[in-house]
Amino acid sequence: MGNKQSVFTEEQLDEYQDCTVFTKKDIMRLYQRFHALALQNIPCHCNNREDIKIPLQLITEMPELKENPFHQKILQVFSEDDQGFMTFNEFLNMFSALSNLASNNLKAYYAFKIYDFNSDNFICQSDLEVMLNKLTNKELSDEEIQLVCSKIMEEGDLDGDGRLSLADFEYMITRAPDFVSTFHIRI
């Protein structure tokens with residue numbers, strides 16, 4: 001046992017644990033999954049290495065994301081690299097924020113970021129239309145989409161500016177507790 005090298009130093013594991021909702025065992029399991037996505041590009045040990053990046057396309061193929069209609073936006077929100085790559089830190093943050101252990105406030109924050117398709121820090125009519133088309137696989141008519149968008153705005157737009165701020169969104173989903181409980185991915 002004394003010669004077995006750990007993937008991370010104990011200090012690295014403590015830092016990861018402080019920034020996520022996961023145990024050290026969960027972190028190690030997620031690193032194994034991250035490593036398995038790109039065996040040739042990811043070292044088995046990260047004790048003295050810079051954060052390794054892997055292509056988002058490899059992460060998209062994970063079962064947790066593959067069937068999710070928002071997978072591209074999820075990856076965009078959690079990856080800071082505009083070249084199409086994700087680091088292990090970002091991977092871990094994504095799974096942490098979307099886990100069933102994350103706080104409702106954290107889930108609401110990331111749900112808002114994911115549904116903000118035009119990235120203007122508001123959810124507007126066009127964002128709602130994209131969201132509904134993705135959720136329903138474009139099975140709703142234009143009239144049905146407009147009706148649902150109107151109802152959402154009527155319920156959630158507290159200041160009447162025609163768009164949902166993060167505060168509006170948080171208020172709206174507190175009235176729909178099932179939303180937050182279903183907004184997660186399993187590790």
# chains A, B, ... in the order shown; residues from 1 in each chain; ligands from 1
>>> select_by_dssp(residues="range 1-140 of chain A", states="helix (DSSP H, G or I)", output="PyMOL selection string")
chain A and resi 10-19+24-37+56-60+63-66+71-78+88-97+104-115+125-136
>>> residues_around(residues="range 86-98 of chain A", least_positions_apart="3", cutoff="8 Å", atoms="only C-alpha atoms", output="PyMOL selection string")
chain A and resi 20-22+27+30-31+34+51-56+78-81+101-102+106-107+110+183-187
>>> closest_residue(among="A:Glu129, A:Asp161, A:Glu155, A:Asp168", to="Phe112 in chain A", atoms="only C-alpha atoms")
A:Asp168
>>> select_by_dssp(residues="range 4-133 of chain A", states="strand (DSSP E)", output="mmCIF file with N, CA and C atoms, in the first residue's frame")
data_model
loop_
_atom_site.group_PDB
_atom_site.id
_atom_site.type_symbol
_atom_site.label_atom_id
_atom_site.label_comp_id
_atom_site.auth_asym_id
_atom_site.auth_seq_id
_atom_site.Cartn_x
_atom_site.Cartn_y
_atom_site.Cartn_z
ATOM 1 N N LYS A 53 -7.377 19.454 -20.285
ATOM 2 C CA LYS A 53 -8.645 19.727 -20.957
ATOM 3 C C LYS A 53 -8.971 18.593 -21.909
ATOM 4 N N ILE A 54 -10.271 18.303 -22.015
ATOM 5 C CA ILE A 54 -10.714 17.331 -23.011
ATOM 6 C C ILE A 54 -11.818 17.976 -23.848
ATOM 7 N N PRO A 55 -11.988 17.500 -25.074
ATOM 8 C CA PRO A 55 -13.019 18.078 -25.951
ATOM 9 C C PRO A 55 -14.428 17.884 -25.395
ATOM 10 N N PHE A 85 -13.351 22.912 -25.092
ATOM 11 C CA PHE A 85 -12.716 21.985 -24.162
ATOM 12 C C PHE A 85 -13.222 22.241 -22.749
ATOM 13 N N MET A 86 -13.063 21.230 -21.886
ATOM 14 C CA MET A 86 -13.444 21.353 -20.481
ATOM 15 C C MET A 86 -12.348 20.764 -19.614
ATOM 16 N N THR A 87 -12.052 21.449 -18.511
ATOM 17 C CA THR A 87 -11.070 20.952 -17.551
ATOM 18 C C THR A 87 -11.767 20.046 -16.541
#
>>> atom_distance(atom1="CA of Leu39 in chain A", atom2="CA of Lys24 in chain A")
21.5 Å
